[in-house]
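K.L.:
I'm passing along model_22.cif; it holds mmCIF, C-alpha atoms.
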data_structure
loop_
_atom_site.group_PDB
_atom_site.id
_atom_site.type_symbol
_atom_site.label_atom_id
_atom_site.label_comp_id
_atom_site.auth_asym_id
_atom_site.auth_seq_id
_atom_site.Cartn_x
_atom_site.Cartn_y
_atom_site.Cartn_z
ATOM 1 C CA MET A 28 95.280 56.677 48.605
ATOM 2 C CA CYS A 29 97.548 55.891 45.632
ATOM 3 C CA CYS A 30 96.927 52.351 44.656
ATOM 4 C CA GLY A 31 96.679 49.862 41.861
ATOM 5 C CA ILE A 32 98.530 47.083 40.215
ATOM 6 C CA LEU A 33 98.168 48.601 36.756
ATOM 7 C CA THR A 34 101.730 49.138 35.634
ATOM 8 C CA PRO A 35 102.571 52.520 34.157
ATOM 9 C CA SER A 36 104.235 52.068 30.802
ATOM 10 C CA LYS A 37 107.541 53.848 30.433
ATOM 11 C CA ALA A 38 108.231 53.105 26.770
ATOM 12 C CA TRP A 39 106.609 55.717 24.583
ATOM 13 C CA ALA A 40 107.288 57.252 21.215
ATOM 14 C CA LYS A 41 106.141 60.534 19.705
ATOM 15 C CA LYS A 42 102.685 60.048 18.241
ATOM 16 C CA LEU A 43 100.178 62.113 16.312
ATOM 17 C CA TYR A 44 96.483 61.273 16.723
ATOM 18 C CA PHE A 45 93.422 62.089 14.662
ATOM 19 C CA ARG A 46 90.085 61.391 16.308
ATOM 20 C CA VAL A 47 86.460 62.085 15.389
ATOM 21 C CA GLY A 48 83.333 62.123 17.510
ATOM 22 C CA PRO A 49 80.450 64.453 18.407
ATOM 23 C CA PRO A 50 81.125 66.896 21.264
ATOM 24 C CA ALA A 51 78.557 67.828 23.891
ATOM 25 C CA LEU A 52 78.473 71.624 23.773
ATOM 26 C CA GLY A 53 76.345 72.367 26.837
ATOM 27 C CA ASN A 54 73.064 72.626 24.931
ATOM 28 C CA GLY A 55 71.595 69.226 25.679
ATOM 29 C CA GLY A 56 74.088 66.573 24.648
ATOM 30 C CA PRO A 57 75.996 65.452 21.573
ATOM 31 C CA ASN A 58 74.286 64.720 18.300
ATOM 32 C CA PRO A 59 75.256 61.528 16.501
ATOM 33 C CA ILE A 60 78.470 61.716 14.544
ATOM 34 C CA SER A 61 78.091 62.964 10.989
ATOM 35 C CA ILE A 62 78.549 60.331 8.296
ATOM 36 C CA PRO A 63 80.984 60.965 6.670
ATOM 37 C CA PRO A 64 82.584 62.936 9.574
ATOM 38 C CA THR A 65 82.927 66.231 7.704
ATOM 39 C CA ASN A 66 81.811 68.427 10.624
ATOM 40 C CA VAL A 67 84.941 70.245 11.858
ATOM 41 C CA ALA A 68 83.487 70.438 15.376
ATOM 42 C CA GLU A 69 83.836 66.645 15.593
ATOM 43 C CA TRP A 70 87.568 66.577 14.874
ATOM 44 C CA GLU A 71 90.442 66.446 17.314
ATOM 45 C CA VAL A 72 94.179 66.439 16.716
ATOM 46 C CA SER A 73 96.541 65.585 19.537
ATOM 47 C CA TYR A 74 100.287 65.209 19.677
ATOM 48 C CA VAL A 75 102.015 63.216 22.390
ATOM 49 C CA ASN A 76 105.760 63.552 22.819
ATOM 50 C CA ASP A 77 108.154 61.021 24.324
ATOM 51 C CA ALA A 78 107.914 62.785 27.711
ATOM 52 C CA HIS A 79 104.224 61.807 27.945
ATOM 53 C CA ARG A 80 103.061 65.381 27.313
ATOM 54 C CA GLU A 81 99.948 65.866 25.203
ATOM 55 C CA TYR A 82 98.939 68.860 23.084
ATOM 56 C CA VAL A 83 95.235 68.834 22.173
ATOM 57 C CA TYR A 84 93.569 70.855 19.417
ATOM 58 C CA SER A 85 89.801 70.744 18.995
ATOM 59 C CA ILE A 86 86.916 73.183 18.620
ATOM 60 C CA SER A 87 85.343 71.533 21.658
ATOM 61 C CA PRO A 88 86.239 70.682 24.395
ATOM 62 C CA GLY A 89 89.094 73.057 23.411
ATOM 63 C CA PHE A 90 92.863 73.440 23.491
ATOM 64 C CA PHE A 91 94.902 71.745 26.203
ATOM 65 C CA TYR A 92 98.356 70.810 27.418
ATOM 66 C CA GLY A 93 98.257 67.617 29.371
ATOM 67 C CA PHE A 94 100.151 64.951 31.262
ATOM 68 C CA LEU A 95 99.512 61.354 30.291
ATOM 69 C CA THR A 96 99.887 58.248 32.368
ATOM 70 C CA GLU A 97 99.906 55.171 30.189
ATOM 71 C CA PHE A 98 99.388 51.679 31.529
ATOM 72 C CA SER A 99 100.374 48.328 30.127
ATOM 73 C CA GLY A 100 97.517 46.933 28.032
ATOM 74 C CA GLY A 101 96.747 50.169 26.193
ATOM 75 C CA LEU A 102 94.841 52.108 28.856
ATOM 76 C CA TYR A 103 95.839 55.707 29.510
ATOM 77 C CA VAL A 104 94.666 58.687 31.561
ATOM 78 C CA GLY A 105 95.297 62.350 30.801
ATOM 79 C CA LEU A 106 95.022 65.507 32.882
ATOM 80 C CA GLY A 107 95.972 69.109 32.282
ATOM 81 C CA PRO A 108 95.074 72.778 31.915
ATOM 82 C CA GLY A 109 93.871 74.669 28.875
ATOM 83 C CA ILE A 110 91.213 76.731 27.162
ATOM 84 C CA VAL A 111 87.714 75.280 27.401
ATOM 85 C CA ILE A 112 85.222 75.966 24.610
ATOM 86 C CA ASN A 113 81.538 75.149 24.259
ATOM 87 C CA ALA A 114 78.298 76.775 23.054
ATOM 88 C CA ASN A 115 78.003 78.782 26.282
ATOM 89 C CA GLY A 116 81.397 80.425 26.185
ATOM 90 C CA VAL A 117 85.156 80.214 26.274
ATOM 91 C CA GLY A 118 87.248 80.174 29.432
ATOM 92 C CA LEU A 119 90.227 78.856 31.309
ATOM 93 C CA GLY A 120 90.008 75.436 32.854
ATOM 94 C CA GLY A 121 91.292 71.919 32.557
ATOM 95 C CA TYR A 122 90.621 68.549 31.034
ATOM 96 C CA SER A 123 90.772 64.908 31.966
ATOM 97 C CA SER A 124 90.631 61.943 29.662
ATOM 98 C CA VAL A 125 90.638 58.184 29.673
ATOM 99 C CA GLY A 126 91.390 56.217 26.565
ATOM 100 C CA TYR A 127 92.214 52.825 25.199
ATOM 101 C CA GLU A 128 94.721 52.192 22.450
ATOM 102 C CA PHE A 129 94.415 48.988 20.476
ATOM 103 C CA GLY A 130 95.243 47.208 17.243
ATOM 104 C CA CYS A 131 98.686 48.766 16.987
ATOM 105 C CA GLY A 132 100.559 48.007 13.803
ATOM 106 C CA PHE A 133 101.407 50.714 11.320
ATOM 107 C CA LEU A 134 98.598 52.681 13.016
ATOM 108 C CA CYS A 135 97.251 52.514 16.555
ATOM 109 C CA PHE A 136 93.510 52.858 17.016
ATOM 110 C CA SER A 137 92.265 54.904 19.933
ATOM 111 C CA LEU A 138 88.932 55.247 21.714
ATOM 112 C CA GLU A 139 88.931 58.160 24.132
ATOM 113 C CA TYR A 140 86.561 59.990 26.443
ATOM 114 C CA LYS A 141 87.679 63.556 27.120
ATOM 115 C CA GLN A 142 85.940 66.063 29.403
ATOM 116 C CA ALA A 143 86.721 69.609 30.421
ATOM 117 C CA VAL A 144 85.626 72.109 33.043
ATOM 118 C CA GLY A 145 86.173 75.848 32.737
ATOM 119 C CA ILE A 146 85.013 79.254 33.922
ATOM 120 C CA ALA A 147 83.376 81.392 31.235
ATOM 121 C CA GLY A 148 81.280 84.527 31.359
ATOM 122 C CA ALA A 149 78.103 82.485 31.726
ATOM 123 C CA GLY A 150 79.536 80.451 34.599
ATOM 124 C CA VAL A 151 80.944 76.935 34.709
ATOM 125 C CA ILE A 152 81.065 75.210 31.326
ATOM 126 C CA SER A 153 81.549 71.457 30.949
ATOM 127 C CA PRO A 154 81.963 70.108 27.406
ATOM 128 C CA TYR A 155 82.969 66.538 26.647
ATOM 129 C CA ALA A 156 83.393 64.177 23.717
ATOM 130 C CA LEU A 157 83.696 60.468 23.046
ATOM 131 C CA ARG A 158 85.974 60.049 20.026
ATOM 132 C CA LEU A 159 87.427 57.266 17.946
ATOM 133 C CA GLY A 160 90.489 57.602 15.793
ATOM 134 C CA PHE A 161 94.020 56.523 15.019
ATOM 135 C CA GLY A 162 97.557 57.560 15.739
ATOM 136 C CA PHE A 163 100.951 56.922 14.208
ATOM 137 C CA GLU A 164 104.512 57.256 15.425
ATOM 138 C CA MET A 165 106.575 60.159 14.211
ATOM 139 C CA MET B 19 62.647 73.396 48.658
ATOM 140 C CA TYR B 20 66.288 74.109 47.828
ATOM 141 C CA PHE B 21 66.951 75.459 51.347
ATOM 142 C CA ARG B 22 65.797 72.106 52.761
ATOM 143 C CA ALA B 23 68.041 70.243 50.335
ATOM 144 C CA TYR B 24 71.068 72.359 51.214
ATOM 145 C CA PHE B 25 70.367 71.902 54.943
ATOM 146 C CA ILE B 26 70.238 68.136 54.514
ATOM 147 C CA LEU B 27 73.477 68.202 52.536
ATOM 148 C CA LEU B 28 75.146 70.363 55.200
ATOM 149 C CA LYS B 29 74.098 67.927 57.948
ATOM 150 C CA GLY B 30 75.480 65.074 55.881
ATOM 151 C CA PHE B 31 78.794 66.849 55.358
ATOM 152 C CA VAL B 32 79.149 67.593 59.077
ATOM 153 C CA ALA B 33 78.376 63.932 59.825
ATOM 154 C CA GLY B 34 81.168 62.966 57.454
ATOM 155 C CA LEU B 35 83.573 65.269 59.274
ATOM 156 C CA ILE B 36 83.094 63.470 62.597
ATOM 157 C CA LEU B 37 83.228 59.871 61.292
ATOM 158 C CA CYS B 38 85.485 57.561 63.305
ATOM 159 C CA GLY B 39 86.372 53.855 63.313
ATOM 160 C CA TRP B 40 88.792 51.144 64.223
ATOM 161 C CA GLN B 41 92.068 49.841 62.815
ATOM 162 C CA ILE B 42 91.547 46.758 60.616
ATOM 163 C CA SER B 43 95.036 46.030 59.312
ATOM 164 C CA SER B 44 98.198 47.998 58.609
ATOM 165 C CA ALA B 45 98.500 46.280 55.198
ATOM 166 C CA PHE B 46 94.851 46.645 54.213
ATOM 167 C CA ALA B 47 93.382 50.147 53.932
ATOM 168 C CA PHE B 48 89.716 50.992 54.058
ATOM 169 C CA ASP B 49 88.185 54.425 53.657
ATOM 170 C CA LEU B 50 84.709 55.750 54.190
ATOM 171 C CA GLY B 51 83.469 59.243 53.389
ATOM 172 C CA LEU B 52 80.555 61.562 52.859
ATOM 173 C CA GLY B 53 80.255 64.776 50.920
ATOM 174 C CA ILE B 54 78.441 67.106 48.578
ATOM 175 C CA ALA B 55 78.584 67.425 44.816
ATOM 176 C CA ALA B 56 77.470 69.657 41.953
ATOM 177 C CA VAL B 57 75.764 67.708 39.170
ATOM 178 C CA GLU B 58 75.781 68.818 35.533
ATOM 179 C CA GLN B 59 73.499 66.994 33.077
ATOM 180 C CA GLY B 60 74.349 68.411 29.662
ATOM 181 C CA ASP B 61 73.120 71.984 30.027
ATOM 182 C CA ASP B 62 75.971 73.564 32.039
ATOM 183 C CA SER B 63 73.691 74.150 35.043
ATOM 184 C CA GLN B 64 74.743 72.755 38.428
ATOM 185 C CA ARG B 65 72.466 70.969 40.895
ATOM 186 C CA PRO B 66 73.336 69.919 44.471
ATOM 187 C CA ALA B 67 73.797 66.249 45.317
ATOM 188 C CA VAL B 68 75.024 64.150 48.205
ATOM 189 C CA VAL B 69 77.739 61.515 47.815
ATOM 190 C CA ILE B 70 78.755 58.558 49.950
ATOM 191 C CA ASN B 71 81.943 56.674 49.166
ATOM 192 C CA ALA B 72 83.727 53.614 50.485
ATOM 193 C CA GLY B 73 86.818 51.892 49.238
ATOM 194 C CA THR B 74 89.808 49.656 49.728
ATOM 195 C CA ASN B 75 93.300 49.844 48.256
ATOM 196 C CA PHE B 76 92.139 48.969 44.741
ATOM 197 C CA TYR B 77 88.357 49.299 44.577
ATOM 198 C CA ALA B 78 85.758 51.903 45.463
ATOM 199 C CA VAL B 79 82.019 52.286 45.586
ATOM 200 C CA ARG B 80 80.383 55.708 45.269
ATOM 201 C CA ALA B 81 76.699 56.525 45.583
ATOM 202 C CA TYR B 82 75.111 59.802 44.526
ATOM 203 C CA ALA B 83 71.619 61.097 45.188
ATOM 204 C CA TYR B 84 69.873 64.301 44.180
ATOM 205 C CA GLY B 85 66.488 65.562 43.160
ATOM 206 C CA ARG B 86 63.895 68.282 43.261
ATOM 207 C CA ASP B 87 60.233 68.786 44.008
ATOM 208 C CA TYR B 88 57.841 71.019 42.125
ATOM 209 C CA GLY B 89 54.182 70.802 42.926
ATOM 210 C CA PRO B 90 53.032 67.181 43.012
ATOM 211 C CA VAL B 91 56.061 66.069 40.920
ATOM 212 C CA SER B 92 59.163 64.659 42.591
ATOM 213 C CA GLU B 93 62.329 63.863 40.635
ATOM 214 C CA ARG B 94 64.994 61.706 42.268
ATOM 215 C CA THR B 95 68.180 60.363 40.717
ATOM 216 C CA TYR B 96 70.219 57.641 42.417
ATOM 217 C CA SER B 97 73.465 56.268 41.022
ATOM 218 C CA LEU B 98 75.891 53.647 42.247
ATOM 219 C CA SER B 99 79.323 53.388 40.671
ATOM 220 C CA LEU B 100 81.682 50.437 41.108
ATOM 221 C CA LEU B 101 85.241 51.552 40.432
ATOM 222 C CA ARG B 102 88.822 50.321 40.071
ATOM 223 C CA ARG B 103 91.303 52.793 41.580
ATOM 224 C CA PHE B 104 94.819 53.518 40.357
ATOM 225 C CA GLY B 105 97.400 56.207 40.917
ATOM 226 C CA ILE B 106 98.456 58.563 38.156
ATOM 227 C CA LEU B 107 101.204 61.127 37.541
ATOM 228 C CA ALA B 108 103.439 59.424 40.144
ATOM 229 C CA SER B 109 101.512 61.245 42.879
ATOM 230 C CA LYS B 110 100.208 59.905 46.178
ATOM 231 C CA ASP B 111 97.502 62.559 46.231
ATOM 232 C CA ILE B 112 96.011 62.166 42.737
ATOM 233 C CA GLU B 113 94.194 59.033 41.661
ATOM 234 C CA ALA B 114 91.936 57.965 38.819
ATOM 235 C CA THR B 115 89.063 55.513 38.793
ATOM 236 C CA LEU B 116 87.392 53.531 36.047
ATOM 237 C CA GLY B 117 84.350 51.290 36.257
ATOM 238 C CA MET B 118 80.636 50.995 35.741
ATOM 239 C CA VAL B 119 77.580 52.803 37.061
ATOM 240 C CA ILE B 120 73.960 51.868 37.623
ATOM 241 C CA MET B 121 71.476 54.739 37.682
ATOM 242 C CA ASN B 122 67.806 55.085 38.541
ATOM 243 C CA GLU B 123 65.888 58.210 37.557
ATOM 244 C CA GLN B 124 62.619 58.157 39.503
ATOM 245 C CA ILE B 125 59.660 60.407 38.815
ATOM 246 C CA SER B 126 56.761 60.442 41.270
ATOM 247 C CA LEU B 127 53.354 62.064 41.166
ATOM 248 C CA ASN B 128 52.126 62.622 44.714
ATOM 249 C CA TYR B 129 48.689 64.179 44.850
ATOM 250 C CA THR B 130 47.134 65.179 48.136
ATOM 251 C CA SER B 131 43.516 64.392 48.855
ATOM 252 C CA ASP B 132 42.671 68.072 48.292
ATOM 253 C CA GLN B 133 44.321 68.000 44.860
ATOM 254 C CA GLU B 134 42.481 64.814 43.978
ATOM 255 C CA ALA B 135 39.214 66.446 45.001
ATOM 256 C CA VAL B 136 39.905 69.530 42.873
ATOM 257 C CA ALA B 137 40.725 67.333 39.866
ATOM 258 C CA GLU B 138 37.608 65.255 40.392
ATOM 259 C CA ALA B 139 35.490 68.398 40.554
ATOM 260 C CA ALA B 140 36.932 69.447 37.192
ATOM 261 C CA GLN B 141 36.102 65.969 35.855
ATOM 262 C CA LYS B 142 39.772 65.105 35.560
ATOM 263 C CA LYS B 143 41.913 62.455 37.226
ATOM 264 C CA ALA B 144 44.843 62.959 39.605
ATOM 265 C CA ILE B 145 46.461 59.574 40.079
ATOM 266 C CA SER B 146 49.564 59.205 42.247
ATOM 267 C CA SER B 147 52.237 57.047 40.633
ATOM 268 C CA THR B 148 55.974 56.363 40.516
ATOM 269 C CA GLU B 149 58.085 55.623 37.450
ATOM 270 C CA ASN B 150 61.599 54.175 37.621
ATOM 271 C CA ASN B 151 64.035 54.390 34.713
ATOM 272 C CA TYR B 152 67.233 52.365 35.007
ATOM 273 C CA ASN B 153 70.391 52.696 32.978
ATOM 274 C CA ILE B 154 73.895 51.214 32.991
ATOM 275 C CA GLY B 155 76.956 53.079 31.844
ATOM 276 C CA ALA B 156 80.660 53.693 32.281
ATOM 277 C CA ALA B 157 82.172 55.716 35.104
ATOM 278 C CA MET B 158 85.509 57.480 35.282
ATOM 279 C CA GLY B 159 86.887 59.953 37.783
ATOM 280 C CA ILE B 160 89.856 61.994 38.932
ATOM 281 C CA TYR B 161 90.358 62.695 42.649
ATOM 282 C CA TYR B 162 92.741 64.935 44.539
ATOM 283 C CA ARG B 163 93.356 64.541 48.272
ATOM 284 C CA ILE B 164 93.835 67.987 49.768
ATOM 285 C CA LEU B 165 94.157 66.826 53.368
ATOM 286 C CA ARG B 166 96.017 63.732 54.481
ATOM 287 C CA THR B 167 95.412 63.477 58.218
ATOM 288 C CA PRO B 168 93.282 61.029 60.189
ATOM 289 C CA LEU B 169 90.502 63.108 58.636
ATOM 290 C CA ASP B 170 90.690 63.018 54.847
ATOM 291 C CA VAL B 171 89.289 65.701 52.549
ATOM 292 C CA SER B 172 89.281 65.235 48.786
ATOM 293 C CA LEU B 173 88.031 66.876 45.600
ATOM 294 C CA GLY B 174 86.480 64.679 42.951
ATOM 295 C CA TRP B 175 85.598 65.000 39.264
ATOM 296 C CA GLU B 176 83.553 62.013 38.163
ATOM 297 C CA ALA B 177 81.580 61.380 35.001
ATOM 298 C CA HIS B 178 78.936 58.767 34.241
ATOM 299 C CA LEU B 179 78.573 58.101 30.540
ATOM 300 C CA PHE B 180 75.523 56.369 29.072
ATOM 301 C CA PRO B 181 74.843 55.351 25.473
ATOM 302 C CA ALA B 182 72.108 57.481 23.921
ATOM 303 C CA GLY B 183 69.776 54.874 22.539
ATOM 304 C CA VAL B 184 70.463 51.638 20.717
ATOM 305 C CA GLN B 185 72.576 53.414 18.092
ATOM 306 C CA GLY B 186 74.668 55.237 20.704
ATOM 307 C CA GLY B 187 77.509 52.737 20.476
ATOM 308 C CA ILE B 188 77.750 53.090 16.697
ATOM 309 C CA LEU B 189 77.205 56.819 16.343
ATOM 310 C CA LEU B 190 79.111 57.803 19.546
ATOM 311 C CA SER B 191 76.193 59.818 20.932
ATOM 312 C CA THR B 192 75.978 59.690 24.709
ATOM 313 C CA GLY B 193 74.314 61.114 27.778
ATOM 314 C CA ARG B 194 76.490 62.148 30.689
ATOM 315 C CA LYS B 195 76.218 63.216 34.304
ATOM 316 C CA GLN B 196 79.211 65.056 35.724
ATOM 317 C CA TYR B 197 79.836 65.311 39.479
ATOM 318 C CA LEU B 198 82.218 67.858 41.025
ATOM 319 C CA SER B 199 82.456 66.768 44.650
ATOM 320 C CA LEU B 200 83.985 67.688 47.970
ATOM 321 C CA SER B 201 83.998 64.849 50.462
ATOM 322 C CA SER B 202 85.525 64.049 53.791
ATOM 323 C CA GLY B 203 86.039 60.810 55.626
ATOM 324 C CA TYR B 204 88.418 58.540 57.402
ATOM 325 C CA THR B 205 91.006 55.992 56.293
ATOM 326 C CA TRP B 206 91.898 53.003 58.460
#
Take the structure in the file and give it back as structure tokens.
P.N.:
Amino acid sequence: MCCGILTPSKAWAKKLYFRVGPPALGNGGPNPISIPPTNVAEWEVSYVNDAHREYVYSISPGFFYGFLTEFSGGLYVGLGPGIVINANGVGLGGYSSVGYEFGCGFLCFSLEYKQAVGIAGAGVISPYALRLGFGFEM
Amino acid sequence: MYFRAYFILLKGFVAGLILCGWQISSAFAFDLGLGIAAVEQGDDSQRPAVVINAGTNFYAVRAYAYGRDYGPVSERTYSLSLLRRFGILASKDIEATLGMVIMNEQISLNYTSDQEAVAEAAQKKAISSTENNYNIGAAMGIYYRILRTPLDVSLGWEAHLFPAGVQGGILLSTGRKQYLSLSSGYTW
């Protein structure tokens, strides 16, 4: 059932995002974010092109190529395949994300929940992260 | 213990496969389903759960239940998520949901009279009790419909995210339950 009155947003520009937040690595849950956020495992860089394609680079949940659906009001959902990484292994899988973009001016702030599922040597791995950051148009 | 749980889940899934109903309205759609899920709680291990879902064009309700017994201890987790549905990726078969979830983690001590007698003989106490722990969090999910016939079958990937303590909102630390589900039902 495809449904909803949320209107997908067609206008989009190339954007580069930097986000920070503690990942859950499969060993009990995320620790609080480091202050200042100098732990590389908490960083994520993502690039979104004007075709709504996202390239994600992070130590965990991993590296992904995704398809974004943005809605009017700043809400967006992402989905795509990639390489999933956590404390229990590395494997092929996919990610999904939901985020909210707000306060857009020179920068746009972004709060995003991203999760991944993959198959590693130890079995199914499922890292995730809640991250806060900013993006700017390129 | 696990064989009994899997048998109950299998009966529930078969019951979902033979659900039937009546036509309400051609403009208004209503779906009802039942299925099984694998729950992950932060340690990459999967536990079996049962899921019941109901929904209209724009909203859905999903309930999950799972647990285990070991000795006199029973653990049960019940969650109810209230969700807004919307299509993504210009596909009729893929949808996303966003909403809230209410969860109860229940722990029960159930001593038999024999166990109470053994404890009393050792000058200890064995008191049966039940503890309920409630939590409210955010829910999001991705669903893919793999069969679109009078009988619907869909795969689901849903997460329930809870703040970890009072400082969770500031320090971004969370607890999560992930459900990978397979459910079947009927759409009117």
K.L.:
Tell me, counting only C-alpha atoms, for each residue of chain A within 9 Å of chain B, which pair of atoms is nearest and how far apart they are in Å to one decimal, in rows ordered by chain and increasing number, as a tab-separated table.
P.N.:
residue	atom	partner	partner_atom	distance
A:Met28	CA	B:Lys110	CA	6.4
A:Cys29	CA	B:Gly105	CA	4.7
A:Cys30	CA	B:Phe104	CA	4.9
A:Gly31	CA	B:Phe104	CA	4.4
A:Ile32	CA	B:Phe104	CA	7.4
A:Leu33	CA	B:Phe104	CA	7.0
A:Pro35	CA	B:Ile106	CA	8.3
A:Gly48	CA	B:Leu190	CA	6.4
A:Pro49	CA	B:Ser191	CA	6.8
A:Pro50	CA	B:Ser191	CA	8.6
A:Ala51	CA	B:Gly60	CA	7.2
A:Leu52	CA	B:Gly60	CA	7.9
A:Gly53	CA	B:Asp61	CA	4.6
A:Asn54	CA	B:Asp61	CA	5.1
A:Gly55	CA	B:Gly60	CA	4.9
A:Gly56	CA	B:Gly60	CA	5.3
A:Pro57	CA	B:Ser191	CA	5.7
A:Asn58	CA	B:Ser191	CA	5.9
A:Pro59	CA	B:Ser191	CA	4.8
A:Ile60	CA	B:Leu189	CA	5.4
A:Ser61	CA	B:Leu189	CA	8.2
A:Ile62	CA	B:Leu189	CA	8.9
A:Phe94	CA	B:Leu107	CA	7.4
A:Leu95	CA	B:Leu107	CA	7.4
A:Thr96	CA	B:Ile106	CA	6.0
A:Glu97	CA	B:Ile106	CA	8.8
A:Val104	CA	B:Ile106	CA	7.6
A:Gly105	CA	B:Ile106	CA	8.9
A:Leu106	CA	B:Ile160	CA	8.7
A:Asn115	CA	B:Asp62	CA	8.0
A:Ser123	CA	B:Ile160	CA	7.6
A:Ser124	CA	B:Met158	CA	8.8
A:Val125	CA	B:Met158	CA	7.6
A:Gln142	CA	B:Ala177	CA	8.5
A:Gly150	CA	B:Asp62	CA	8.2
A:Val151	CA	B:Asp62	CA	6.6
A:Ile152	CA	B:Asp62	CA	5.4
A:Ser153	CA	B:Asp62	CA	6.1
A:Pro154	CA	B:Gly60	CA	8.1
A:Tyr155	CA	B:Arg194	CA	8.8
A:Ala156	CA	B:Thr192	CA	8.7
A:Leu157	CA	B:Leu190	CA	6.4
A:Arg158	CA	B:Leu190	CA	7.2
A:Leu159	CA	B:Leu190	CA	8.5
K.L.:
Just so the selection is clear, what residues does the PyMOL selection byres ((chain B and resi 54) around 6) cover here, as a list in words?
P.N.:
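When the PyMOL selection byres ((chain B and resi 54) around 6) is applied to the shown file, the picked residues are Gly53, Ala55, Ala67, Val68, Val69, Ser199 and Leu200 of chain B.
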K.L.:
Please provide the set of residues having any atom within 6 Å of Pro90 in chain B, restricted to all atoms listed in the file, with same-chain residues fewer than 2 positions apart removed, written as number ranges by chain.
P.N.:
B: 127-129
K.L.:
Applying 9 Å and only C-alpha atoms, which residues near Ile146 in chain A remain after dropping the ones on its own chain fewer than 3 positions away? List them as a VMD selection string.
P.N.:
chain A and resid 111 116 to 120 149 to 152
K.L.:
Counting only C-alpha atoms, which residue out of B:Pro66, B:Gly183, B:Gly89, B:Gly203 sits closest to Gln133 in chain B?
P.N.:
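The answer is B:Gly89, which sits nearest to Gln133 in chain B.
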K.L.:
Work out how far apart CA of Tyr197 in chain B and CA of Leu165 in chain B are and give it in Å to one decimal.
P.N.:
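Result for CA of Tyr197 in chain B versus CA of Leu165 in chain B: 20.0 Å, one decimal.
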K.L.:
Skipping near chain neighbours, those fewer than 3 positions away, what residues fall within 10 Å of Met121 in chain B using all atoms listed in the file, listed as number ranges by chain?
P.N.:
B: 81-83, 95-99, 124, 150-155, 178, 180
K.L.:
Go ahead and compute the interatomic distance for CA of Ala147 in chain A and CA of Arg65 in chain B, in Å to one decimal.
P.N.:
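According to the coordinates, CA of Ala147 in chain A and CA of Arg65 in chain B are separated by 17.9 Å.
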K.L.:
Expand the PyMOL selection byres ((chain A and resi 42) around 6) into the explicit residue set it covers here, and present it as a list of chain:residue names.
P.N.:
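Listing what the PyMOL selection byres ((chain A and resi 42) around 6) selects in the shown file: A:Lys41, A:Leu43, A:Tyr74, A:Val75, A:Phe163, A:Glu164, A:Met165.
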K.L.:
Take CA of Leu138 in chain A and CA of Val47 in chain A and report the distance between them in Å, one decimal.
P.N.:
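Distance reported for this atom pair: 9.6 Å.
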K.L.:
Run through the PyMOL selection byres ((chain A and resi 81-86) around 8) on the given coordinates and return the selected residues as a VMD selection string.
P.N.:
chain A and resid 67 to 76 79 to 80 87 to 95 112
K.L.:
Tell me which residues come within 10 Å of (58.2, 67.7, 42.4), as a compact mmCIF listing (two decimals) with C-alpha atoms, keeping the file's coordinate frame, counting all atoms listed in the file in the file's coordinates.
P.N.:
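Wrote result_23.txt, looks like this:
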# COMPACT_ATOMS: atom_id res chain seq x y z
CA MET B 19 62.65 73.40 48.66
CA GLY B 85 66.49 65.56 43.16
CA ARG B 86 63.90 68.28 43.26
CA ASP B 87 60.23 68.79 44.01
CA TYR B 88 57.84 71.02 42.12
CA GLY B 89 54.18 70.80 42.93
CA PRO B 90 53.03 67.18 43.01
CA VAL B 91 56.06 66.07 40.92
CA SER B 92 59.16 64.66 42.59
CA GLU B 93 62.33 63.86 40.64
CA ARG B 94 64.99 61.71 42.27
CA ILE B 125 59.66 60.41 38.82
CA SER B 126 56.76 60.44 41.27
CA LEU B 127 53.35 62.06 41.17
CA ASN B 128 52.13 62.62 44.71
K.L.:
Nearest to Gly107 in chain A: which of A:Pro63, A:Gly132, A:Gly160, A:Lys141 is it, counting all atoms listed in the file?
P.N.:
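Residue with the minimum atom-to-atom distance to Gly107 in chain A: A:Lys141.
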